[in-house]
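Colleague: File input-v7.pdb below, PDB, N, CA, C and O atoms, pLDDT in the B column:
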ATOM      1  N   MET A   1      12.656   9.043  17.716  1.00 58.00           N
ATOM      2  CA  MET A   1      12.397   8.110  16.644  1.00 58.00           C
ATOM      3  C   MET A   1      10.995   7.524  16.817  1.00 58.00           C
ATOM      4  O   MET A   1      10.566   7.203  17.916  1.00 58.00           O
ATOM      5  N   ALA A   2      10.278   7.375  15.709  1.00 76.00           N
ATOM      6  CA  ALA A   2       8.916   6.841  15.743  1.00 76.00           C
ATOM      7  C   ALA A   2       8.927   5.359  16.085  1.00 76.00           C
ATOM      8  O   ALA A   2       9.881   4.642  15.780  1.00 76.00           O
ATOM      9  N   ASN A   3       7.865   4.915  16.700  1.00 87.00           N
ATOM     10  CA  ASN A   3       7.696   3.509  17.002  1.00 87.00           C
ATOM     11  C   ASN A   3       7.197   2.823  15.731  1.00 87.00           C
ATOM     12  O   ASN A   3       6.068   3.023  15.316  1.00 87.00           O
ATOM     13  N   THR A   4       8.047   2.030  15.077  1.00 86.00           N
ATOM     14  CA  THR A   4       7.678   1.411  13.801  1.00 86.00           C
ATOM     15  C   THR A   4       7.896  -0.092  13.853  1.00 86.00           C
ATOM     16  O   THR A   4       8.612  -0.606  14.707  1.00 86.00           O
ATOM     17  N   ASN A   5       7.253  -0.784  12.921  1.00 90.00           N
ATOM     18  CA  ASN A   5       7.424  -2.213  12.727  1.00 90.00           C
ATOM     19  C   ASN A   5       7.697  -2.471  11.261  1.00 90.00           C
ATOM     20  O   ASN A   5       7.373  -1.646  10.405  1.00 90.00           O
ATOM     21  N   VAL A   6       8.238  -3.629  10.974  1.00 90.00           N
ATOM     22  CA  VAL A   6       8.545  -4.011   9.605  1.00 90.00           C
ATOM     23  C   VAL A   6       7.427  -4.890   9.070  1.00 90.00           C
ATOM     24  O   VAL A   6       6.919  -5.765   9.768  1.00 90.00           O
ATOM     25  N   VAL A   7       7.033  -4.638   7.811  1.00 89.00           N
ATOM     26  CA  VAL A   7       6.051  -5.465   7.117  1.00 89.00           C
ATOM     27  C   VAL A   7       6.770  -6.134   5.952  1.00 89.00           C
ATOM     28  O   VAL A   7       7.410  -5.459   5.143  1.00 89.00           O
ATOM     29  N   TYR A   8       6.672  -7.449   5.870  1.00 92.00           N
ATOM     30  CA  TYR A   8       7.262  -8.194   4.768  1.00 92.00           C
ATOM     31  C   TYR A   8       6.148  -8.678   3.858  1.00 92.00           C
ATOM     32  O   TYR A   8       5.119  -9.152   4.327  1.00 92.00           O
ATOM     33  N   ALA A   9       6.342  -8.556   2.552  1.00 91.00           N
ATOM     34  CA  ALA A   9       5.319  -9.018   1.606  1.00 91.00           C
ATOM     35  C   ALA A   9       5.996  -9.560   0.351  1.00 91.00           C
ATOM     36  O   ALA A   9       7.002  -9.021  -0.110  1.00 91.00           O
ATOM     37  N   ARG A  10       5.441 -10.605  -0.182  1.00 95.00           N
ATOM     38  CA  ARG A  10       5.895 -11.130  -1.467  1.00 95.00           C
ATOM     39  C   ARG A  10       4.965 -10.562  -2.529  1.00 95.00           C
ATOM     40  O   ARG A  10       3.751 -10.525  -2.363  1.00 95.00           O
ATOM     41  N   ILE A  11       5.570 -10.103  -3.647  1.00 93.00           N
ATOM     42  CA  ILE A  11       4.776  -9.488  -4.706  1.00 93.00           C
ATOM     43  C   ILE A  11       5.409  -9.837  -6.048  1.00 93.00           C
ATOM     44  O   ILE A  11       6.633  -9.996  -6.148  1.00 93.00           O
ATOM     45  N   ASP A  12       4.589  -9.954  -7.061  1.00 96.00           N
ATOM     46  CA  ASP A  12       5.048 -10.254  -8.409  1.00 96.00           C
ATOM     47  C   ASP A  12       6.107  -9.234  -8.843  1.00 96.00           C
ATOM     48  O   ASP A  12       5.929  -8.024  -8.643  1.00 96.00           O
ATOM     49  N   THR A  13       7.183  -9.720  -9.426  1.00 97.00           N
ATOM     50  CA  THR A  13       8.303  -8.849  -9.792  1.00 97.00           C
ATOM     51  C   THR A  13       7.894  -7.748 -10.767  1.00 97.00           C
ATOM     52  O   THR A  13       8.255  -6.580 -10.580  1.00 97.00           O
ATOM     53  N   THR A  14       7.143  -8.101 -11.797  1.00 96.00           N
ATOM     54  CA  THR A  14       6.725  -7.094 -12.790  1.00 96.00           C
ATOM     55  C   THR A  14       5.825  -6.042 -12.158  1.00 96.00           C
ATOM     56  O   THR A  14       5.999  -4.844 -12.407  1.00 96.00           O
ATOM     57  N   LEU A  15       4.886  -6.479 -11.329  1.00 95.00           N
ATOM     58  CA  LEU A  15       4.002  -5.538 -10.643  1.00 95.00           C
ATOM     59  C   LEU A  15       4.816  -4.597  -9.762  1.00 95.00           C
ATOM     60  O   LEU A  15       4.587  -3.382  -9.745  1.00 95.00           O
ATOM     61  N   LYS A  16       5.774  -5.139  -9.023  1.00 95.00           N
ATOM     62  CA  LYS A  16       6.625  -4.329  -8.146  1.00 95.00           C
ATOM     63  C   LYS A  16       7.395  -3.283  -8.942  1.00 95.00           C
ATOM     64  O   LYS A  16       7.404  -2.105  -8.591  1.00 95.00           O
ATOM     65  N   GLU A  17       8.024  -3.707 -10.024  1.00 96.00           N
ATOM     66  CA  GLU A  17       8.833  -2.780 -10.820  1.00 96.00           C
ATOM     67  C   GLU A  17       7.971  -1.683 -11.448  1.00 96.00           C
ATOM     68  O   GLU A  17       8.339  -0.504 -11.420  1.00 96.00           O
ATOM     69  N   ASN A  18       6.821  -2.071 -12.006  1.00 95.00           N
ATOM     70  CA  ASN A  18       5.940  -1.074 -12.629  1.00 95.00           C
ATOM     71  C   ASN A  18       5.403  -0.091 -11.601  1.00 95.00           C
ATOM     72  O   ASN A  18       5.364   1.121 -11.840  1.00 95.00           O
ATOM     73  N   THR A  19       4.993  -0.600 -10.465  1.00 94.00           N
ATOM     74  CA  THR A  19       4.436   0.260  -9.429  1.00 94.00           C
ATOM     75  C   THR A  19       5.497   1.180  -8.848  1.00 94.00           C
ATOM     76  O   THR A  19       5.247   2.371  -8.640  1.00 94.00           O
ATOM     77  N   GLU A  20       6.688   0.655  -8.596  1.00 95.00           N
ATOM     78  CA  GLU A  20       7.754   1.493  -8.039  1.00 95.00           C
ATOM     79  C   GLU A  20       8.174   2.574  -9.026  1.00 95.00           C
ATOM     80  O   GLU A  20       8.548   3.673  -8.616  1.00 95.00           O
ATOM     81  N   SER A  21       8.078   2.299 -10.320  1.00 96.00           N
ATOM     82  CA  SER A  21       8.380   3.319 -11.323  1.00 96.00           C
ATOM     83  C   SER A  21       7.389   4.480 -11.220  1.00 96.00           C
ATOM     84  O   SER A  21       7.777   5.650 -11.240  1.00 96.00           O
ATOM     85  N   ILE A  22       6.112   4.154 -11.079  1.00 95.00           N
ATOM     86  CA  ILE A  22       5.086   5.185 -10.941  1.00 95.00           C
ATOM     87  C   ILE A  22       5.260   5.940  -9.627  1.00 95.00           C
ATOM     88  O   ILE A  22       5.194   7.173  -9.594  1.00 95.00           O
ATOM     89  N   LEU A  23       5.491   5.203  -8.540  1.00 95.00           N
ATOM     90  CA  LEU A  23       5.686   5.851  -7.245  1.00 95.00           C
ATOM     91  C   LEU A  23       6.882   6.798  -7.283  1.00 95.00           C
ATOM     92  O   LEU A  23       6.829   7.896  -6.728  1.00 95.00           O
ATOM     93  N   ASN A  24       7.951   6.369  -7.946  1.00 96.00           N
ATOM     94  CA  ASN A  24       9.145   7.204  -8.063  1.00 96.00           C
ATOM     95  C   ASN A  24       8.836   8.513  -8.780  1.00 96.00           C
ATOM     96  O   ASN A  24       9.290   9.583  -8.368  1.00 96.00           O
ATOM     97  N   GLN A  25       8.027   8.440  -9.835  1.00 96.00           N
ATOM     98  CA  GLN A  25       7.633   9.649 -10.569  1.00 96.00           C
ATOM     99  C   GLN A  25       6.812  10.591  -9.685  1.00 96.00           C
ATOM    100  O   GLN A  25       6.867  11.811  -9.856  1.00 96.00           O
ATOM    101  N   LEU A  26       6.081  10.006  -8.753  1.00 94.00           N
ATOM    102  CA  LEU A  26       5.259  10.798  -7.840  1.00 94.00           C
ATOM    103  C   LEU A  26       6.028  11.250  -6.604  1.00 94.00           C
ATOM    104  O   LEU A  26       5.510  12.006  -5.790  1.00 94.00           O
ATOM    105  N   GLY A  27       7.254  10.748  -6.444  1.00 95.00           N
ATOM    106  CA  GLY A  27       8.054  11.098  -5.283  1.00 95.00           C
ATOM    107  C   GLY A  27       7.608  10.383  -4.020  1.00 95.00           C
ATOM    108  O   GLY A  27       7.763  10.913  -2.917  1.00 95.00           O
ATOM    109  N   ILE A  28       7.041   9.193  -4.182  1.00 94.00           N
ATOM    110  CA  ILE A  28       6.529   8.420  -3.045  1.00 94.00           C
ATOM    111  C   ILE A  28       7.330   7.126  -2.928  1.00 94.00           C
ATOM    112  O   ILE A  28       7.530   6.426  -3.917  1.00 94.00           O
ATOM    113  N   THR A  29       7.782   6.822  -1.727  1.00 95.00           N
ATOM    114  CA  THR A  29       8.503   5.572  -1.514  1.00 95.00           C
ATOM    115  C   THR A  29       7.504   4.429  -1.364  1.00 95.00           C
ATOM    116  O   THR A  29       6.345   4.653  -0.987  1.00 95.00           O
ATOM    117  N   PRO A  30       7.931   3.193  -1.636  1.00 93.00           N
ATOM    118  CA  PRO A  30       7.042   2.052  -1.410  1.00 93.00           C
ATOM    119  C   PRO A  30       6.555   1.996   0.045  1.00 93.00           C
ATOM    120  O   PRO A  30       5.386   1.685   0.291  1.00 93.00           O
ATOM    121  N   SER A  31       7.420   2.310   0.988  1.00 93.00           N
ATOM    122  CA  SER A  31       7.013   2.315   2.401  1.00 93.00           C
ATOM    123  C   SER A  31       5.908   3.331   2.651  1.00 93.00           C
ATOM    124  O   SER A  31       4.940   3.051   3.372  1.00 93.00           O
ATOM    125  N   SER A  32       6.029   4.505   2.051  1.00 92.00           N
ATOM    126  CA  SER A  32       4.992   5.533   2.215  1.00 92.00           C
ATOM    127  C   SER A  32       3.676   5.082   1.592  1.00 92.00           C
ATOM    128  O   SER A  32       2.606   5.327   2.154  1.00 92.00           O
ATOM    129  N   ALA A  33       3.743   4.423   0.431  1.00 91.00           N
ATOM    130  CA  ALA A  33       2.527   3.946  -0.229  1.00 91.00           C
ATOM    131  C   ALA A  33       1.814   2.905   0.637  1.00 91.00           C
ATOM    132  O   ALA A  33       0.592   2.936   0.776  1.00 91.00           O
ATOM    133  N   ILE A  34       2.580   2.004   1.230  1.00 89.00           N
ATOM    134  CA  ILE A  34       1.986   0.995   2.105  1.00 89.00           C
ATOM    135  C   ILE A  34       1.391   1.660   3.338  1.00 89.00           C
ATOM    136  O   ILE A  34       0.289   1.315   3.779  1.00 89.00           O
ATOM    137  N   GLN A  35       2.090   2.631   3.887  1.00 86.00           N
ATOM    138  CA  GLN A  35       1.562   3.337   5.057  1.00 86.00           C
ATOM    139  C   GLN A  35       0.262   4.052   4.707  1.00 86.00           C
ATOM    140  O   GLN A  35      -0.689   4.051   5.489  1.00 86.00           O
ATOM    141  N   MET A  36       0.188   4.660   3.511  1.00 84.00           N
ATOM    142  CA  MET A  36      -1.045   5.325   3.087  1.00 84.00           C
ATOM    143  C   MET A  36      -2.192   4.324   2.984  1.00 84.00           C
ATOM    144  O   MET A  36      -3.322   4.626   3.379  1.00 84.00           O
ATOM    145  N   LEU A  37      -1.908   3.128   2.468  1.00 81.00           N
ATOM    146  CA  LEU A  37      -2.929   2.091   2.382  1.00 81.00           C
ATOM    147  C   LEU A  37      -3.421   1.709   3.767  1.00 81.00           C
ATOM    148  O   LEU A  37      -4.626   1.605   3.999  1.00 81.00           O
ATOM    149  N   TYR A  38      -2.509   1.527   4.706  1.00 79.00           N
ATOM    150  CA  TYR A  38      -2.890   1.184   6.078  1.00 79.00           C
ATOM    151  C   TYR A  38      -3.698   2.305   6.728  1.00 79.00           C
ATOM    152  O   TYR A  38      -4.658   2.054   7.436  1.00 79.00           O
ATOM    153  N   LEU A  39      -3.314   3.551   6.465  1.00 78.00           N
ATOM    154  CA  LEU A  39      -4.028   4.685   7.048  1.00 78.00           C
ATOM    155  C   LEU A  39      -5.423   4.857   6.455  1.00 78.00           C
ATOM    156  O   LEU A  39      -6.307   5.423   7.092  1.00 78.00           O
ATOM    157  N   LYS A  40      -5.639   4.374   5.237  1.00 75.00           N
ATOM    158  CA  LYS A  40      -6.915   4.547   4.543  1.00 75.00           C
ATOM    159  C   LYS A  40      -8.014   3.667   5.123  1.00 75.00           C
ATOM    160  O   LYS A  40      -9.182   3.880   4.873  1.00 75.00           O
ATOM    161  N   LYS A  41      -7.648   2.703   5.927  1.00 70.00           N
ATOM    162  CA  LYS A  41      -8.667   1.793   6.470  1.00 70.00           C
ATOM    163  C   LYS A  41      -9.783   2.587   7.131  1.00 70.00           C
ATOM    164  O   LYS A  41      -9.598   3.681   7.622  1.00 70.00           O
ATOM    165  N   ASP A  42     -10.963   2.035   7.103  1.00 62.00           N
ATOM    166  CA  ASP A  42     -12.117   2.703   7.702  1.00 62.00           C
ATOM    167  C   ASP A  42     -12.772   1.705   8.645  1.00 62.00           C
ATOM    168  O   ASP A  42     -13.440   0.781   8.206  1.00 62.00           O
ATOM    169  N   VAL A  43     -12.586   1.880   9.941  1.00 59.00           N
ATOM    170  CA  VAL A  43     -13.083   0.916  10.915  1.00 59.00           C
ATOM    171  C   VAL A  43     -14.610   0.892  10.984  1.00 59.00           C
ATOM    172  O   VAL A  43     -15.187  -0.095  11.416  1.00 59.00           O
ATOM    173  N   THR A  44     -15.264   1.955  10.535  1.00 62.00           N
ATOM    174  CA  THR A  44     -16.723   1.953  10.561  1.00 62.00           C
ATOM    175  C   THR A  44     -17.304   1.227   9.357  1.00 62.00           C
ATOM    176  O   THR A  44     -18.463   0.846   9.371  1.00 62.00           O
ATOM    177  N   ASN A  45     -16.523   1.062   8.301  1.00 67.00           N
ATOM    178  CA  ASN A  45     -16.992   0.371   7.096  1.00 67.00           C
ATOM    179  C   ASN A  45     -15.861  -0.487   6.555  1.00 67.00           C
ATOM    180  O   ASN A  45     -15.055  -0.017   5.762  1.00 67.00           O
ATOM    181  N   PRO A  46     -15.803  -1.758   6.949  1.00 64.00           N
ATOM    182  CA  PRO A  46     -14.695  -2.607   6.530  1.00 64.00           C
ATOM    183  C   PRO A  46     -14.650  -2.859   5.028  1.00 64.00           C
ATOM    184  O   PRO A  46     -13.651  -3.320   4.505  1.00 64.00           O
ATOM    185  N   TYR A  47     -15.706  -2.529   4.307  1.00 67.00           N
ATOM    186  CA  TYR A  47     -15.730  -2.754   2.861  1.00 67.00           C
ATOM    187  C   TYR A  47     -15.039  -1.634   2.089  1.00 67.00           C
ATOM    188  O   TYR A  47     -14.825  -1.745   0.899  1.00 67.00           O
ATOM    189  N   THR A  48     -14.678  -0.550   2.748  1.00 65.00           N
ATOM    190  CA  THR A  48     -13.991   0.556   2.087  1.00 65.00           C
ATOM    191  C   THR A  48     -12.681   0.093   1.480  1.00 65.00           C
ATOM    192  O   THR A  48     -12.356   0.442   0.347  1.00 65.00           O
ATOM    193  N   LEU A  49     -11.912  -0.701   2.200  1.00 60.00           N
ATOM    194  CA  LEU A  49     -10.626  -1.176   1.695  1.00 60.00           C
ATOM    195  C   LEU A  49     -10.822  -2.050   0.467  1.00 60.00           C
ATOM    196  O   LEU A  49     -10.074  -1.931  -0.500  1.00 60.00           O
ATOM    197  N   SER A  50     -11.843  -2.904   0.457  1.00 63.00           N
ATOM    198  CA  SER A  50     -12.070  -3.751  -0.713  1.00 63.00           C
ATOM    199  C   SER A  50     -12.438  -2.904  -1.925  1.00 63.00           C
ATOM    200  O   SER A  50     -12.109  -3.255  -3.050  1.00 63.00           O
ATOM    201  N   LYS A  51     -13.075  -1.755  -1.724  1.00 64.00           N
ATOM    202  CA  LYS A  51     -13.376  -0.861  -2.850  1.00 64.00           C
ATOM    203  C   LYS A  51     -12.090  -0.317  -3.446  1.00 64.00           C
ATOM    204  O   LYS A  51     -11.975  -0.190  -4.663  1.00 64.00           O
ATOM    205  N   ILE A  52     -11.120   0.013  -2.610  1.00 60.00           N
ATOM    206  CA  ILE A  52      -9.834   0.521  -3.091  1.00 60.00           C
ATOM    207  C   ILE A  52      -9.146  -0.539  -3.929  1.00 60.00           C
ATOM    208  O   ILE A  52      -8.607  -0.275  -4.990  1.00 60.00           O
ATOM    209  N   ILE A  53      -9.157  -1.763  -3.459  1.00 60.00           N
ATOM    210  CA  ILE A  53      -8.444  -2.856  -4.119  1.00 60.00           C
ATOM    211  C   ILE A  53      -9.140  -3.271  -5.410  1.00 60.00           C
ATOM    212  O   ILE A  53      -8.494  -3.533  -6.411  1.00 60.00           O
ATOM    213  N   LEU A  54     -10.465  -3.312  -5.414  1.00 58.00           N
ATOM    214  CA  LEU A  54     -11.208  -3.825  -6.556  1.00 58.00           C
ATOM    215  C   LEU A  54     -11.443  -2.809  -7.662  1.00 58.00           C
ATOM    216  O   LEU A  54     -11.708  -3.168  -8.787  1.00 58.00           O
ATOM    217  N   TYR A  55     -11.362  -1.526  -7.358  1.00 50.00           N
ATOM    218  CA  TYR A  55     -11.676  -0.519  -8.374  1.00 50.00           C
ATOM    219  C   TYR A  55     -10.491   0.304  -8.743  1.00 50.00           C
ATOM    220  O   TYR A  55      -9.673   0.639  -8.032  1.00 50.00           O
TER     221      TYR A  55
END
Since I need it in another form, could you write the structure as structure tokens?

Modeller:
Amino acid sequence: MANTNVVYARIDTTLKENTESILNQLGITPSSAIQMLYLKKDVTNPYTLSKIILY
């Protein structure tokens, strides 16, 4: 079994429902989407993550 931790987050209900609908169509779980976001970080350029969020 992988060494994992739990992440708790509060999010707007409408945003959650709309996003989970899209993720479901893509076959991606919310946990996988969050993991992809965490993996996308770029330690050499901390502004990379803000580009993802802002654009």

Colleague: Quick one: pull the distance between atom CA of A:Leu15 and atom O of A:Asn3, Å, one decimal.

Modeller: 27.4 Å

Colleague: Atom CA of A:Thr29 and atom CA of A:Glu17, how far apart in Å?

Modeller: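 Between atom CA of A:Glu17 and atom CA of A:Thr29 the gap works out to 12.5 Å.
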
Colleague: Give me, please, the distance in Å between atom CA of A:Ala2 and atom CA of A:Ile34, quoted to one decimal.

Modeller: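 Computing the Euclidean distance for atom CA of A:Ala2 and atom CA of A:Ile34 yields 16.4 Å.
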
Colleague: The centre and edge lengths of an axis-aligned box containing all atoms of stretch 17-34 of chain A present in the file, extended by 5 Å on each side, are to be given in Å to one decimal, as JSON.

Modeller:
{"center_x": 4.8, "center_y": 4.1, "center_z": -4.4, "size_x": 19.0, "size_y": 25.7, "size_z": 26.4}
